[in-house]
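Engineer: One structure follows; several queries about it will come next.
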Amino acid sequence: MRVLVLHAHPNPESYNAALFRLVVGGLRAGGHEVDACDLHAEDFQPVLSRAERVGYHAIPANRSPVEAYVKRLEAAEALVLVYPVWNFGFPAILKGFLDRVFLPGVSFRIVDGLVRPNLQHISRLVVVTTYGGPRWRAFLVGDPPRRFATRVLRALIKPAGKMRYLAHYDMNRSTDASRSAFIGEVKAAVARL
Amino acid sequence: MRVLVVYCHPCEESFNASVRNAALEALATAGYETRLVDLYASGFEPVLTADQRRRYHTPGDNERGIEEHLAHLRWCEALIFVYPTWWYGPPAMLKGWLDRVWIPHATFGMPERNKPITRVLTNIRTIGAISTLGSPRWWWWIMGAPGRRTLLTGLSVLCAPRCRTFWLGLHQMDQSSDGERAAYLQKVRGKLASLT
C-alpha cells in the first residue's frame, strides 16, 4: 500500500519524532511504499497567501503553488498523521497543510453548492498523537482534534475505509511505562495496516 | 473595558475585513479602549520552531520574540477573534498565534502531579469569536464545532474563573446574500456595543 505519513513536530529528539520514525520504519518493514513527509524538515510554509485565497476555487490552477504536495496526497492509499496536540488543535504547520493542500478539486468537490468528499483513494486513516493534558480535560473541552480527525477527515476518505485514533494523553505526567505501552500500541496498529 | 481584537485574513477586500471594521467601530462608539493585532498585515510567523520548542518550558526565556503579544494579553479584559473558519478551525496563521503566544508560565501554570493546570490571565473575562463558515450550521454541529471549542472553551479555561464566551458565526458564507451579510454586520455591532 502507498502510505503518506505526515509529521509535525519541530524537534527531531522529541518523543513525537520517535513515534514518526517508528511508524515509517514499521510500515517499510511491512512492505508498504512509504512517503515520509516531515513538514518541519521540508520547511513547509503553512500560511495561505492572498494570491492563493483569491484563486482558491479556480480548479485546477489552485493547485499550482503546492503541486508537489497535491501529487503526494493524491498518490496515497493510506494516510497517517503523527503530531502533538497543541492548544487543543493541530500545530499550525499541519493546520496549514489542510488550508493550502486540501483544496477544492483535490480533497473535496463542490457540487450544487454542497461539499463532496474527494479522497476516496485513501482507504486507511491512522492518527498517532500526544496530548499534554489528561483525557478528562480534553473531554471537558470537547476534544476538538479528535472530533476533527474522526468526523471531518473520516468523512473525506473512502466510505468503507478504516480509521484508527491513537492518543497518548497526559504527556506532561507520562512515565517510561506509559510511553513504552503507547509505542507498543502504535507498533501493533502499524503492523495491522 | 480594554479589548484586544485579533484579526486574521489575507485579503483586505474580504468580508472579514468589513467585519473587523464593524467590530472596531462598535467598540470605539461604546468607548472601549481597543488594540488590534492584524496577523497577516504584521507578518506574524506562525510556526513554532525547534529552538522555540526547546525553550518552551523555560520561564522568561520562552517569552523571547513574543513580548509584544504577551503584553497585549496581560493588558486586555476582553479578547475578540475575527477570522474565517477554514477546515473547521482557525487558519494556520491564527492557530500558530495560539501555539507561539499561549505558552506555559506566562499564560498558564503547568500541571503538577495531582494538581491541574492553573490560570494566569485572570484579567481576561470575555472571549469572543466572530467567524465566517462555508458549512451549514447543522453540519458544523455534526462535525462537533472543533474550531469553536479550540478557541472559546480551550482558552477560557485559562482565563478568569467566570470567563464569558460568545460565538457569532455566519454560516454558508458562499451562498449568503447581501441582506444576510448586512444583518450579520449589524449583529456584530450590537454584540460589541455592550460587552460584559
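Scheme for the C-alpha cells: letters A, B, ... for chains in order shown; per-chain residue numbers from 1; ligand numbers from 1 in order shown.
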Enumerate the residues of stretch 30-83 of chain B with a DSSP assignment of helix (DSSP H, G or I), computed from the backbone, and present them as a list in words.
Structural biologist: Ala50, Asp51, Gln52, Arg53, Arg54, Asp61, Asn62, Glu63, Glu67, Glu68, His69, Leu70, Ala71, His72, Leu73, Arg74 and Trp75 of chain B
Engineer: Write the selection just made, keeping C-alpha atoms, as a compact mmCIF listing (two decimals), in the first residue's frame?
Structural biologist:
```
# COMPACT_ATOMS: atom_id res chain seq x y z
CA ALA B 50 12.77 23.75 17.14
CA ASP B 51 14.60 26.50 19.05
CA GLN B 52 11.33 27.89 20.45
CA ARG B 53 10.14 24.40 21.32
CA ARG B 54 13.34 23.71 23.28
CA ASP B 61 13.26 32.57 28.06
CA ASN B 62 10.11 31.26 26.39
CA GLU B 63 8.81 34.86 26.13
CA GLU B 67 6.86 40.06 24.29
CA GLU B 68 4.50 42.41 22.48
CA HIS B 69 1.77 39.77 22.15
CA LEU B 70 2.06 38.81 25.80
CA ALA B 71 1.81 42.48 26.81
CA HIS B 72 -1.46 42.71 24.85
CA LEU B 73 -2.81 39.60 26.61
CA ARG B 74 -1.88 40.97 30.05
CA TRP B 75 -3.47 44.31 29.21
```
Engineer: Kindly determine which residues of chain A lie within 9 Å of chain B, considering only C-alpha atoms, and give the answer as number ranges by chain.
Structural biologist: A: 9-12, 40, 45-51, 53-54, 86-99, 102, 113-115, 133, 138, 140-148, 150-152, 172-173
Engineer: Please compute the atom CA of A:His121-atom CA of A:Lys158 distance, one decimal, in Å.
Structural biologist: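 Computing the Euclidean distance for atom CA of A:His121 and atom CA of A:Lys158 yields 6.4 Å.
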Engineer: Would you mind listing what lies within 8 Å of A:Val126 as a PyMOL selection string, with only C-alpha atoms counted and same-chain residues fewer than 6 positions away left out?
Structural biologist: chain A and resi 79-81+163-166
